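Here is the file run_19.txt (compact mmCIF, C-alpha atoms).
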```txt
# COMPACT_ATOMS: atom_id res chain seq x y z
CA MET A 359 120.34 88.08 172.61
CA ARG A 360 116.86 86.94 171.79
CA ALA A 361 114.13 89.28 170.64
CA GLN A 362 110.65 88.06 171.17
CA PHE A 363 107.33 89.24 169.82
CA ARG A 364 104.43 88.08 171.92
CA VAL A 365 100.90 88.90 170.92
CA SER A 366 97.99 88.06 173.14
CA ASN A 367 97.40 84.33 173.00
CA LYS A 368 93.74 84.79 172.35
CA LEU A 369 94.36 86.54 169.05
CA LEU A 370 97.38 84.71 167.80
CA PRO A 371 98.41 81.57 169.59
CA SER A 372 101.82 81.29 167.93
CA ILE A 373 105.04 82.81 169.14
CA THR A 374 107.81 83.70 166.73
CA THR A 375 111.27 84.40 168.03
CA LEU A 376 114.23 85.64 166.08
CA ASP A 377 117.67 85.96 167.52
CA ALA A 378 120.65 87.92 166.31
CA ASN A 379 122.08 84.87 164.56
CA ASN A 380 119.19 84.76 162.13
CA ASN A 381 117.55 81.68 163.56
CA THR A 382 113.81 81.85 163.57
CA THR A 383 111.67 79.54 165.53
CA SER A 384 107.97 79.57 165.20
CA SER A 385 105.51 77.30 166.88
CA ILE A 386 102.14 77.15 168.51
CA VAL A 387 102.53 76.76 172.24
CA ALA A 388 100.28 76.93 175.22
CA PRO A 389 101.15 79.94 177.38
CA SER A 390 102.44 77.92 180.28
CA SER A 391 104.73 75.46 178.54
CA PRO A 392 108.08 76.74 177.24
CA GLY A 393 108.95 73.40 175.64
CA LYS A 394 111.34 72.64 172.80
CA GLN A 395 110.72 74.39 169.50
CA PRO A 396 112.02 73.32 166.13
CA LEU A 397 114.60 75.78 164.77
CA VAL A 398 114.14 76.96 161.22
CA ASP A 399 117.17 78.62 159.75
CA ILE A 400 116.20 81.61 157.64
CA LEU A 401 119.05 80.80 155.30
CA ASP A 402 117.08 77.70 154.28
CA VAL A 403 113.87 79.51 153.44
CA PRO A 404 113.38 79.78 149.66
CA ILE A 405 113.01 83.32 148.36
CA LYS A 406 113.02 82.91 144.61
CA THR A 407 109.23 82.66 144.30
CA LYS A 408 106.93 85.56 145.01
CA PRO A 409 105.26 85.39 148.40
CA LYS A 410 101.55 85.67 149.10
CA GLU A 411 100.06 89.12 148.96
CA VAL A 412 99.14 90.96 152.12
CA SER A 413 95.60 92.26 152.50
CA MET A 414 95.00 95.99 152.35
CA SER A 415 93.25 95.98 155.71
CA ALA A 416 96.13 94.22 157.46
CA PHE A 417 98.64 96.68 156.05
CA SER A 418 96.47 99.71 156.84
CA PHE A 419 95.98 98.44 160.37
CA LEU A 420 99.71 98.09 160.85
CA PHE A 421 100.44 101.45 159.26
CA SER A 422 97.86 103.26 161.35
CA GLY A 423 99.40 101.64 164.43
CA ILE A 424 102.81 102.95 163.41
CA VAL A 425 101.50 106.48 162.86
CA GLN A 426 99.70 106.50 166.20
CA TYR A 427 102.76 105.12 167.97
CA TYR A 428 104.93 107.94 166.68
CA GLN A 429 102.31 110.61 167.22
CA GLU A 430 102.08 109.79 170.90
CA ARG A 431 105.80 110.25 171.30
CA LEU A 432 106.52 113.31 169.16
CA THR A 433 105.63 116.98 169.56
CA HIS A 434 106.18 118.29 166.03
CA GLY A 435 104.47 117.05 162.91
CA ALA A 436 107.65 117.41 160.90
CA ASP A 437 109.34 114.83 163.14
CA LEU A 438 106.62 112.33 162.30
CA GLU A 439 107.45 112.67 158.63
CA GLN A 440 111.13 112.14 159.37
CA LYS A 441 110.42 109.04 161.44
CA LEU A 442 108.22 107.55 158.74
CA SER A 443 110.91 108.32 156.19
CA ASP A 444 113.55 106.59 158.32
CA LEU A 445 111.33 103.55 158.68
CA GLY A 446 110.79 103.45 154.94
CA TYR A 447 114.52 103.84 154.41
CA SER A 448 115.36 100.59 156.14
CA VAL A 449 112.59 98.84 154.19
CA GLY A 450 113.81 100.24 150.88
CA PHE A 451 117.43 99.34 151.54
CA ARG A 452 116.47 95.71 151.99
CA ILE A 453 113.87 95.19 149.28
CA ASN A 454 116.24 96.65 146.71
CA GLU A 455 118.22 93.40 146.81
CA ILE A 456 115.36 90.97 146.64
CA ILE A 457 113.49 92.67 143.82
CA LEU A 458 116.54 92.48 141.58
CA TYR A 459 117.31 88.94 142.70
CA ARG A 460 113.87 87.73 141.62
CA GLU A 461 114.17 89.07 138.07
CA LYS A 462 114.69 86.61 135.24
CA ASN A 463 117.93 88.15 134.03
CA PRO A 464 119.12 90.39 136.81
CA GLN A 465 121.12 93.40 135.78
CA ARG A 466 122.24 96.31 137.90
CA LYS A 467 121.00 99.78 137.17
CA ASN A 468 123.89 102.13 136.63
CA ARG A 469 122.20 105.23 135.21
CA VAL A 470 119.65 107.57 136.73
CA ILE A 471 116.78 107.19 134.26
CA PRO A 472 116.71 103.34 134.24
CA MET A 473 116.96 103.42 138.04
CA LEU A 474 113.95 105.72 138.34
CA GLN A 475 112.01 103.67 135.83
CA PHE A 476 112.87 100.59 137.86
CA ILE A 477 111.40 102.28 140.94
CA SER A 478 108.28 103.67 139.35
CA ASN A 479 107.46 100.41 137.56
CA THR A 480 108.97 97.31 139.15
CA VAL A 481 109.16 98.45 142.77
CA TRP A 482 105.75 100.10 142.64
CA THR A 483 104.21 96.90 141.23
CA MET A 484 105.82 94.81 143.92
CA LEU A 485 104.63 97.10 146.68
CA PHE A 486 101.27 98.37 145.42
CA GLY A 487 100.26 96.16 142.52
CA LYS A 488 100.39 98.90 139.90
CA ASN A 489 102.83 101.31 138.26
CA ALA A 490 103.32 104.84 139.49
CA SER A 491 101.19 107.35 137.61
CA SER A 492 104.08 109.11 135.94
CA LEU A 493 107.76 109.96 136.12
CA GLU A 494 109.03 113.35 135.00
CA GLN A 495 112.26 115.28 134.95
CA SER A 496 112.18 118.82 136.24
CA THR A 497 112.95 121.60 133.79
CA ASP A 498 114.19 123.93 136.53
CA SER A 499 117.01 121.98 138.13
CA ILE A 500 119.22 119.33 136.68
CA ASN A 501 119.10 116.97 139.64
CA ARG A 502 115.36 116.96 140.26
CA TYR A 503 112.91 114.29 139.16
CA MET A 504 109.25 113.82 140.08
CA ILE A 505 107.23 110.66 140.57
CA TYR A 506 103.47 111.25 140.54
CA GLU A 507 101.07 108.96 142.32
CA ASN A 508 97.35 109.48 141.94
CA GLN A 509 96.20 107.24 144.74
CA PRO A 510 98.82 106.59 147.39
CA ILE A 511 97.80 103.33 148.94
CA GLU A 512 99.27 103.64 152.40
CA CYS A 513 97.29 106.81 153.12
CA GLY A 514 94.01 105.32 151.96
CA PHE A 515 92.56 105.12 155.43
CA ILE A 516 94.24 108.11 157.03
CA SER A 517 92.35 111.35 157.56
CA ILE A 518 94.41 114.38 158.47
CA PRO A 519 92.95 116.64 161.19
CA LYS A 520 92.75 120.38 160.48
CA ASN A 521 95.51 121.33 162.89
CA LEU A 522 98.01 119.10 161.06
CA SER A 523 96.88 119.90 157.55
CA GLY A 524 100.39 119.87 156.07
CA LEU A 525 101.14 116.33 157.16
CA GLN A 526 102.05 113.79 154.51
CA CYS A 527 101.98 110.17 155.55
CA SER A 528 103.37 109.24 152.17
CA TYR A 529 106.75 109.97 153.69
CA PHE A 530 106.88 106.24 154.39
CA THR A 531 106.94 105.53 150.65
CA ALA A 532 109.34 108.43 150.18
CA GLY A 533 111.62 106.71 152.67
CA ILE A 534 111.39 103.49 150.68
CA ILE A 535 112.41 105.33 147.50
CA LYS A 536 115.25 107.01 149.34
CA GLY A 537 116.44 103.68 150.75
CA ILE A 538 116.47 102.04 147.33
CA LEU A 539 118.33 104.95 145.73
CA THR A 540 120.89 105.24 148.51
CA ALA A 541 121.54 101.50 148.53
CA SER A 542 122.14 101.59 144.78
CA GLU A 543 124.70 104.38 145.07
CA PHE A 544 122.39 107.18 143.88
CA PRO A 545 122.21 109.25 147.07
CA ALA A 546 119.15 111.45 146.95
CA ASP A 547 116.69 113.35 149.07
CA VAL A 548 113.02 112.51 148.62
CA LYS A 549 110.22 114.85 149.65
CA VAL A 550 106.47 114.58 149.38
CA PHE A 551 104.12 117.34 148.26
CA PRO A 552 100.49 117.43 147.23
CA SER A 553 100.35 118.15 143.53
CA GLN A 554 98.63 121.13 141.88
CA ASN A 555 95.20 119.65 141.66
CA LYS A 556 95.30 118.32 145.25
CA GLU A 557 94.23 114.88 144.12
CA SER A 558 97.57 113.20 143.66
CA THR A 559 100.83 113.30 145.56
CA VAL A 560 104.21 113.96 144.05
CA PHE A 561 107.53 112.55 145.24
CA ILE A 562 110.31 115.02 144.52
CA VAL A 563 113.65 113.26 144.16
CA ASP A 564 116.72 115.50 144.45
CA PHE A 565 119.90 113.65 143.61
CA ASP A 566 123.23 114.63 145.11
CA TYR A 567 125.39 116.50 142.64
CA ASP A 568 127.94 113.65 142.73
CA VAL A 569 125.40 111.49 140.95
CA ILE A 570 124.83 114.08 138.23
CA ASP A 571 128.59 114.50 137.73
CA ARG A 572 128.96 110.77 137.38
CA GLU A 573 126.17 110.68 134.79
CA GLU A 574 127.94 113.35 132.77
CA LEU A 575 131.19 111.41 132.97
CA TRP A 576 129.63 108.25 131.63
CA LYS A 577 127.38 109.75 128.99
CA MET B 1357 141.05 73.24 146.73
CA PRO B 1358 143.13 76.23 145.73
CA ALA B 1359 144.29 78.83 148.21
CA ALA B 1360 141.84 81.70 148.11
CA TYR B 1361 140.47 84.60 150.11
CA PHE B 1362 136.80 85.51 149.93
CA VAL B 1363 135.46 88.80 151.24
CA ILE B 1364 132.11 90.61 151.18
CA VAL B 1365 132.56 94.38 151.09
CA GLY B 1366 129.70 96.70 152.03
CA LYS B 1367 129.19 100.43 151.92
CA GLU B 1368 132.13 102.69 152.72
CA ASP B 1369 134.42 99.81 151.70
CA CYS B 1370 133.89 98.00 155.02
CA PRO B 1371 134.43 94.23 154.95
CA LEU B 1372 131.30 92.49 156.19
CA TYR B 1373 132.55 88.95 155.97
CA GLU B 1374 135.93 87.34 155.31
CA LEU B 1375 136.90 83.77 154.77
CA GLU B 1376 140.34 82.47 154.04
CA PHE B 1377 141.03 78.96 152.86
CA THR B 1378 144.39 77.46 152.19
CA ALA B 1379 145.59 74.48 150.25
CA GLN B 1380 146.01 71.38 152.39
CA GLY B 1381 148.95 71.42 154.70
CA ARG B 1382 150.29 74.89 153.98
CA LYS B 1383 150.53 77.47 156.70
CA GLU B 1384 149.02 80.82 155.90
CA ASP B 1385 151.53 83.62 156.17
CA GLN B 1386 150.35 86.23 153.72
CA SER B 1387 146.94 87.19 155.07
CA GLN B 1388 147.72 90.87 155.41
CA LEU B 1389 149.11 91.06 151.91
CA LYS B 1390 145.99 89.43 150.52
CA GLN B 1391 143.75 91.83 152.40
CA PHE B 1392 145.78 94.74 151.09
CA ILE B 1393 145.54 93.54 147.51
CA LEU B 1394 141.81 92.97 147.80
CA HIS B 1395 141.35 96.45 149.19
CA ALA B 1396 143.38 97.93 146.36
CA SER B 1397 141.32 96.06 143.80
CA LEU B 1398 138.21 97.89 145.01
CA ASP B 1399 139.38 100.86 142.97
CA VAL B 1400 139.41 98.76 139.83
CA VAL B 1401 135.97 97.38 140.63
CA GLU B 1402 134.63 100.87 141.11
CA GLU B 1403 135.91 101.94 137.70
CA LEU B 1404 134.33 98.95 136.04
CA GLN B 1405 131.01 98.95 137.83
CA TRP B 1406 129.66 102.08 136.17
CA GLY B 1407 130.49 100.89 132.71
CA SER B 1408 128.69 97.58 132.93
CA LYS B 1409 125.24 96.37 133.94
CA GLU B 1410 126.40 92.85 134.70
CA LEU B 1411 126.48 91.40 138.18
CA PHE B 1412 129.51 89.16 137.59
CA LEU B 1413 132.63 91.08 136.62
CA LYS B 1414 134.93 88.11 136.00
CA SER B 1415 138.60 88.75 136.56
CA VAL B 1416 139.25 92.36 137.51
CA ASP B 1417 142.81 92.56 138.74
CA LYS B 1418 146.12 90.72 138.84
CA PHE B 1419 149.10 91.07 141.12
CA ASN B 1420 152.11 88.77 140.84
CA ASN B 1421 150.53 85.38 141.18
CA PHE B 1422 147.21 86.59 142.59
CA SER B 1423 144.10 87.07 140.50
CA ILE B 1424 140.86 88.64 141.70
CA SER B 1425 137.28 88.09 140.58
CA ALA B 1426 134.40 90.32 141.57
CA TYR B 1427 130.61 90.17 141.71
CA LEU B 1428 128.25 93.06 142.48
CA THR B 1429 124.80 92.89 144.00
CA ALA B 1430 121.88 95.26 143.45
CA GLY B 1431 122.94 97.27 146.46
CA TYR B 1432 126.46 97.58 145.05
CA VAL B 1433 127.80 95.25 147.73
CA ARG B 1434 130.91 93.59 146.38
CA PHE B 1435 131.86 89.93 146.63
CA LEU B 1436 135.58 89.61 145.97
CA ILE B 1437 137.64 86.48 145.74
CA LEU B 1438 141.41 86.38 145.48
CA PHE B 1439 143.08 83.29 144.06
CA ASP B 1440 146.65 82.37 144.78
CA GLY B 1441 148.05 80.72 141.70
CA GLU B 1442 145.54 78.39 140.09
CA ARG B 1443 142.02 79.64 139.38
CA LYS B 1444 138.84 77.78 138.77
CA SER B 1445 136.83 78.38 135.61
CA ASP B 1446 134.69 81.49 135.35
CA ASP B 1447 131.54 79.37 135.34
CA SER B 1448 132.16 77.73 138.67
CA ILE B 1449 133.16 81.05 140.22
CA LYS B 1450 129.95 82.58 138.86
CA GLN B 1451 127.86 79.75 140.32
CA PHE B 1452 129.59 80.20 143.67
CA PHE B 1453 128.85 83.92 143.63
CA THR B 1454 125.23 83.37 142.67
CA GLU B 1455 124.70 81.05 145.63
CA VAL B 1456 126.40 83.50 147.96
CA HIS B 1457 124.17 86.22 146.52
CA GLU B 1458 121.12 84.25 147.56
CA LEU B 1459 122.45 83.84 151.10
CA TRP B 1460 123.33 87.52 151.19
CA VAL B 1461 119.78 88.55 150.20
CA LYS B 1462 118.37 86.38 152.98
CA ILE B 1463 120.68 87.94 155.55
CA GLN B 1464 119.80 91.40 154.28
CA LEU B 1465 116.06 90.77 154.57
CA ASN B 1466 116.36 90.01 158.26
CA PRO B 1467 115.03 93.12 160.03
CA PHE B 1468 117.34 92.39 162.94
CA TYR B 1469 120.40 92.50 160.76
CA GLU B 1470 121.78 95.98 161.22
CA LEU B 1471 122.52 97.47 157.80
CA ASN B 1472 126.21 97.40 156.90
CA ALA B 1473 127.17 95.38 159.97
CA THR B 1474 129.46 92.36 159.97
CA ILE B 1475 127.83 88.98 159.48
CA ASP B 1476 128.38 86.80 162.54
CA SER B 1477 125.89 84.04 161.91
CA PRO B 1478 127.53 80.60 162.31
CA SER B 1479 125.05 79.01 159.92
CA PHE B 1480 126.04 81.53 157.25
CA GLU B 1481 129.67 80.60 157.80
CA SER B 1482 129.01 76.89 157.51
CA LYS B 1483 126.94 77.37 154.36
CA ILE B 1484 129.70 79.41 152.75
CA LYS B 1485 132.19 76.67 153.57
CA GLN B 1486 129.90 74.09 151.95
CA LEU B 1487 129.72 76.24 148.83
CA VAL B 1488 133.47 76.61 148.75
CA ASN B 1489 133.86 72.85 148.88
CA ARG B 1490 131.35 72.39 146.13
CA TYR B 1491 132.42 75.01 143.63
CA LEU B 1492 136.00 75.90 144.36
```

Mind converting the file's structure to structure tokens?
Amino acid sequence: MRAQFRVSNKLLPSITTLDANNNTTSSIVAPSSPGKQPLVDILDVPIKTKPKEVSMSAFSFLFSGIVQYYQERLTHGADLEQKLSDLGYSVGFRINEIILYREKNPQRKNRVIPMLQFISNTVWTMLFGKNASSLEQSTDSINRYMIYENQPIECGFISIPKNLSGLQCSYFTAGIIKGILTASEFPADVKVFPSQNKESTVFIVDFDYDVIDREELWK
Amino acid sequence: MPAAYFVIVGKEDCPLYELEFTAQGRKEDQSQLKQFILHASLDVVEELQWGSKELFLKSVDKFNNFSISAYLTAGYVRFLILFDGERKSDDSIKQFFTEVHELWVKIQLNPFYELNATIDSPSFESKIKQLVNRYL
């Protein structure tokens, strides 16, 4: 089964195809000639070095396209947040591996606090170029932690209309956090809320009670 | 090369990839037993994984003549290898696991690879076999 992404030839004259056996082929072809394309196996592509950074405008363009795509197809705003979270989940699940792999002396995280510090520092730097604003533990409930972010990057160019004022597009990042935590065996639920002063957003991470029990066991 | 059984175990203890290699000339008649032992060793791995931050767990279990080594990735995906009789040194096993880890990360990054699905790619299989020849 081949999956093919074709963008208008005027904008982007190259066609990249990826089939289920992880073979990518990428080449510049004229629209009318199928021709033979050199196969590049993704298992040969080096991943140890950091890739080039992506421009803010390219990412915002893509993200706005995603939000518009879902908005056309959904009736409730809450579903949009769930969809963005699911999308972020599959991203988070995958980048969890590569971030650890690229470290100098990779070590797994097996406790909650180092895991959250890993997310708010290393993952945040890899995704956004800076650390999260702060990480706090809730005093009310034992399984709740908060990550504060003063300027969420993915929502930089999104303006929320008045009739959808509760919408939080940061659910994409929340999905990434959830994906990383679930992949690392810290199942959790991640929600987004605007913080008290309305300027920053807060990611509320609620771990499953299994995780807390395990922490107690290994203290 | 020694008789061995290599398996990649994902979430919910599902095997994502299995490879069995036998010493030259011998017929393989104990596959089910080896699978059973590997599955049982997952319990031992799970006990050890929360106590240690290391990726490579060295030898985790023994049964009769079989010895099992384990390696964990960031996503707590387990690479297990069961040796029948003779074992290679820890260093060469660790190098083998590190190379497999790199291949695993590349597979995982593929957006078309469904999370926690079996790995069917023939190039992955041939690369694993090359690594086995080199390190084991």

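If you take all atoms listed in the file and a cut-off of 6 Å, the residues of chain A that reach chain B are A:Asn379, A:Arg452, A:Glu455, A:Gln465, A:Arg466, A:Asn468, A:Ala541, A:Ser542.
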
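The coordinates place atom CA of Lys549 of chain A at 17.2 Å from atom CA of Leu522 of chain A.
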
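Residue neighbourhood of Tyr427 of chain A, excluding near-sequence residues (fewer than 5 positions): Leu420, Phe421, Ser422, Leu432, Leu438, Lys441 and Leu442 of chain A, at 12 Å, using all atoms listed in the file.
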
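Here atom CA of Phe486 of chain A is placed at a distance of 25.6 Å from atom CA of Ile400 of chain A.
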
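Atom pair atom CA of Thr480 of chain A / atom CA of Glu1403 of chain B: separated by 27.4 Å.
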
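Of the listed residues B:His1395, B:Lys1414, B:Arg1434, B:Arg1490, the one whose atoms come nearest to Phe1452 of chain B is B:Arg1490, with distances taken using only C-alpha atoms.
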
Using all atoms listed in the file, what does the table of segment 410-526 of chain A residues within 7 Å of segment 561-569 of chain A look like, with each row giving the shortest atom pair and its distance in Å to one decimal, sorted by chain and ascending number, as a tab-separated table?
```
residue	atom	partner	partner_atom	distance
A:Asn501	CA	A:Phe565	CA	5.2
A:Arg502	CA	A:Asp564	CA	4.6
A:Tyr503	CA	A:Val563	CA	5.2
A:Met504	CA	A:Ile562	CA	4.7
A:Ile505	CA	A:Phe561	CA	5.0
A:Tyr506	CA	A:Phe561	CA	6.3
```

If you count all atoms listed in the file, which residues fall within 10 Å of Lys1444 of chain B, apart from same-chain ones fewer than 2 positions away, as an MDAnalysis selection string? chainID B and resid 1357:1358 1439 1442 1446:1449 1491:1492
